[in-house]
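Containing CSV, C-alpha atoms: protein-v3.csv.
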```
chain,number,residue,atom,x,y,z
A,190,MET,CA,-15.0,10.5,-10.4
A,191,ILE,CA,-13.2,9.5,-7.2
A,192,THR,CA,-9.6,8.5,-6.8
A,193,LEU,CA,-9.0,5.3,-4.8
A,194,LEU,CA,-5.6,4.5,-3.3
A,195,TYR,CA,-4.5,1.2,-1.9
A,196,PHE,CA,-1.5,0.8,0.3
A,197,ALA,CA,0.7,-2.0,1.6
A,198,ARG,CA,-0.8,-5.5,1.5
A,199,LEU,CA,-3.9,-4.2,-0.3
A,200,ARG,CA,-1.8,-2.9,-3.2
A,201,GLU,CA,-0.3,-6.4,-3.5
A,202,ALA,CA,-3.5,-8.4,-3.1
A,203,LEU,CA,-5.6,-6.2,-5.4
A,204,GLY,CA,-2.9,-5.8,-8.0
A,205,THR,CA,-3.2,-2.0,-8.1
A,206,GLY,CA,-2.2,1.0,-6.0
A,207,ARG,CA,-4.6,3.5,-7.6
A,208,GLU,CA,-7.7,3.7,-9.7
A,209,GLU,CA,-10.2,6.3,-10.8
A,210,LEU,CA,-13.9,5.3,-10.4
A,211,ALA,CA,-17.1,6.9,-11.3
A,212,LEU,CA,-19.0,7.1,-8.0
A,213,PRO,CA,-21.9,4.7,-8.3
A,214,SER,CA,-25.4,6.0,-7.8
A,215,GLY,CA,-26.5,5.5,-4.2
A,216,ILE,CA,-23.0,5.1,-2.8
A,217,ASN,CA,-22.5,8.1,-0.5
A,218,THR,CA,-20.6,6.8,2.5
A,219,LEU,CA,-17.2,5.2,3.0
A,220,GLY,CA,-18.9,2.0,4.3
A,221,ALA,CA,-21.2,1.8,1.3
A,222,LEU,CA,-18.1,2.2,-1.0
A,223,ARG,CA,-16.2,-0.5,0.8
A,224,ASP,CA,-19.2,-2.9,0.5
A,225,HIS,CA,-19.5,-2.0,-3.2
A,226,LEU,CA,-15.8,-2.8,-3.8
A,227,SER,CA,-16.1,-6.1,-1.9
A,228,LYS,CA,-18.7,-7.3,-4.5
A,229,ARG,CA,-16.0,-7.4,-7.1
A,230,GLY,CA,-15.2,-10.8,-5.7
A,231,ASP,CA,-12.0,-12.8,-5.1
A,232,ALA,CA,-9.3,-10.7,-3.5
A,233,TRP,CA,-11.7,-7.7,-3.3
A,234,ALA,CA,-14.2,-9.7,-1.3
A,235,ARG,CA,-11.5,-10.9,1.0
A,236,GLU,CA,-9.7,-7.6,1.6
A,237,MET,CA,-12.8,-5.4,1.8
A,238,ALA,CA,-14.8,-7.8,4.0
A,239,ASP,CA,-16.6,-6.2,7.0
A,240,GLY,CA,-14.6,-8.3,9.5
A,241,ARG,CA,-11.3,-7.4,7.9
A,242,ASN,CA,-9.3,-4.8,10.0
A,243,LEU,CA,-8.8,-2.0,7.5
A,244,ARG,CA,-8.4,1.8,7.8
A,245,ALA,CA,-9.4,4.5,5.4
A,246,ALA,CA,-9.0,8.2,4.8
A,247,VAL,CA,-11.1,10.6,2.8
A,248,ASN,CA,-9.1,13.5,1.4
A,249,GLN,CA,-6.2,12.6,3.8
A,250,ASP,CA,-8.3,12.6,6.9
A,251,VAL,CA,-8.8,9.3,8.8
A,252,ALA,CA,-12.4,8.3,8.2
A,253,ALA,CA,-15.1,6.0,9.6
A,254,ALA,CA,-17.7,3.9,7.7
A,255,ASP,CA,-20.3,6.6,8.1
A,256,THR,CA,-18.1,9.3,6.6
A,257,PRO,CA,-19.8,10.9,3.6
A,258,ILE,CA,-18.1,10.7,0.2
A,259,LYS,CA,-18.7,12.6,-3.0
A,260,ASP,CA,-17.4,13.1,-6.5
A,261,GLY,CA,-13.8,14.5,-6.5
A,262,ASP,CA,-12.8,12.8,-3.2
A,263,GLU,CA,-9.6,10.9,-2.8
A,264,ILE,CA,-10.1,7.8,-0.7
A,265,ALA,CA,-7.3,5.7,0.6
A,266,PHE,CA,-7.5,2.2,2.1
A,267,PHE,CA,-4.6,0.8,4.2
A,268,PRO,CA,-4.0,-1.8,6.9
A,269,PRO,CA,-3.6,-0.6,10.4
A,270,VAL,CA,-0.1,0.4,11.3
A,271,THR,CA,1.6,-0.2,14.7
A,272,GLY,CA,4.8,1.3,15.8
A,273,GLY,CA,6.8,1.9,18.9
```
For this file, produce the structure as structure tokens.
Amino acid sequence: MITLLYFARLREALGTGREELALPSGINTLGALRDHLSKRGDAWAREMADGRNLRAAVNQDVAAADTPIKDGDEIAFFPPVTGG
């Protein structure tokens, strides 16, 4: 199982801030997980689309699409944040 966290506009668009998910067979990178989630359709397809500017963290470390993931990981998705 992995824990997925969704922040800001994602939480609103997807209708959830957290879920537990059995890691699907063959999904072993953050990019593969994002693609898998996008196949849920509707808001998931829109928010997880490749061209959508989206950040992610694995176990509270900012991560890239090629970052490995495994059972027990906590994965957070959030929009980019700007500040001054």
Given all atoms listed in the file as the basis, pick out the residue of A:Lys259, A:Arg207, A:Arg200, A:Arg241 nearest to Ser227 (chain A). A:Arg241
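Of the residues listed (A:Leu210, A:Ala197, A:Leu243, A:Ala221), A:Leu210 shows the shortest atom-to-atom separation from Asp260 (chain A); distances use all atoms listed in the file.
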Identify which of the residues A:Ile258, A:Ala238, A:Ala253, A:Val270 lies closest to Leu193 (chain A), counting only C-alpha atoms when measuring atom-to-atom distances.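 Of A:Ile258, A:Ala238, A:Ala253, A:Val270, the one nearest Leu193 (chain A), counting only C-alpha atoms, is A:Ile258.
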I'd like the interatomic distance between CA of Ile191 (chain A) and CA of Ala211 (chain A), to a tenth of an Å.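 CA of Ile191 (chain A) sits 6.2 Å away from CA of Ala211 (chain A).
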For CA of Ala245 (chain A) and CA of Arg229 (chain A), quote the distance in Å rounded to one decimal.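 Going from CA of Ala245 (chain A) over to CA of Arg229 (chain A), I get 18.5 Å.
Minimum atom-to-atom distance to Tyr195 (chain A), evaluated using all atoms listed in the file, belongs to A:Phe267 out of A:Asp250, A:Gly215, A:Glu209, A:Phe267.
From CA of Thr256 (chain A) back to CA of Glu201 (chain A), the distance works out to 25.8 Å.
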For Met190 (chain A), which residue out of A:Asp262, A:Ala246, A:Ala252, A:Asp224 is the nearest one, using all atoms listed in the file? A:Asp262
Using all atoms listed in the file, which of A:Phe266, A:Gly204, A:Asn248, A:Thr192 sits nearest Asp231 (chain A)?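 The closest residue to Asp231 (chain A) is A:Gly204.
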With the input short on atoms, add N, CA and C atoms back to region 252-269 of chain A and write it as a short mmCIF file (atom, residue, chain, number, x, y, z; two decimals), in the coordinates of the input.
```
data_model
loop_
_atom_site.label_atom_id
_atom_site.label_comp_id
_atom_site.auth_asym_id
_atom_site.auth_seq_id
_atom_site.Cartn_x
_atom_site.Cartn_y
_atom_site.Cartn_z
N ALA A 252 -11.00 8.31 8.35
CA ALA A 252 -12.40 8.30 8.20
C ALA A 252 -13.07 7.03 8.76
N ALA A 253 -14.33 7.11 9.14
CA ALA A 253 -15.10 6.00 9.60
C ALA A 253 -16.10 5.57 8.50
N ALA A 254 -16.75 4.43 8.70
CA ALA A 254 -17.70 3.90 7.70
C ALA A 254 -18.81 4.87 7.37
N ASP A 255 -19.22 5.69 8.33
CA ASP A 255 -20.30 6.60 8.10
C ASP A 255 -19.88 7.97 7.50
N THR A 256 -18.59 8.10 7.18
CA THR A 256 -18.10 9.30 6.60
C THR A 256 -18.67 9.53 5.19
N PRO A 257 -19.28 10.69 4.93
CA PRO A 257 -19.80 10.90 3.60
C PRO A 257 -18.71 11.04 2.54
N ILE A 258 -19.01 10.58 1.34
CA ILE A 258 -18.10 10.70 0.20
C ILE A 258 -18.85 11.34 -0.96
N LYS A 259 -18.09 11.99 -1.85
CA LYS A 259 -18.70 12.60 -3.00
C LYS A 259 -17.72 12.67 -4.17
N ASP A 260 -18.23 13.01 -5.33
CA ASP A 260 -17.40 13.10 -6.50
C ASP A 260 -16.20 14.07 -6.19
N GLY A 261 -15.03 13.71 -6.70
CA GLY A 261 -13.80 14.50 -6.50
C GLY A 261 -13.00 14.10 -5.30
N ASP A 262 -13.55 13.24 -4.43
CA ASP A 262 -12.80 12.80 -3.20
C ASP A 262 -11.67 11.88 -3.58
N GLU A 263 -10.65 11.91 -2.73
CA GLU A 263 -9.60 10.90 -2.80
C GLU A 263 -9.75 10.04 -1.55
N ILE A 264 -9.85 8.75 -1.80
CA ILE A 264 -10.10 7.80 -0.70
C ILE A 264 -8.99 6.77 -0.71
N ALA A 265 -8.37 6.64 0.46
CA ALA A 265 -7.30 5.70 0.60
C ALA A 265 -7.66 4.59 1.58
N PHE A 266 -7.28 3.38 1.23
CA PHE A 266 -7.50 2.20 2.10
C PHE A 266 -6.11 1.66 2.46
N PHE A 267 -5.93 1.31 3.73
CA PHE A 267 -4.60 0.80 4.20
C PHE A 267 -4.83 -0.04 5.44
N PRO A 268 -3.94 -1.01 5.65
CA PRO A 268 -4.00 -1.80 6.90
C PRO A 268 -3.60 -0.98 8.07
N PRO A 269 -4.05 -1.35 9.27
CA PRO A 269 -3.60 -0.60 10.40
C PRO A 269 -2.11 -0.71 10.62
#
```
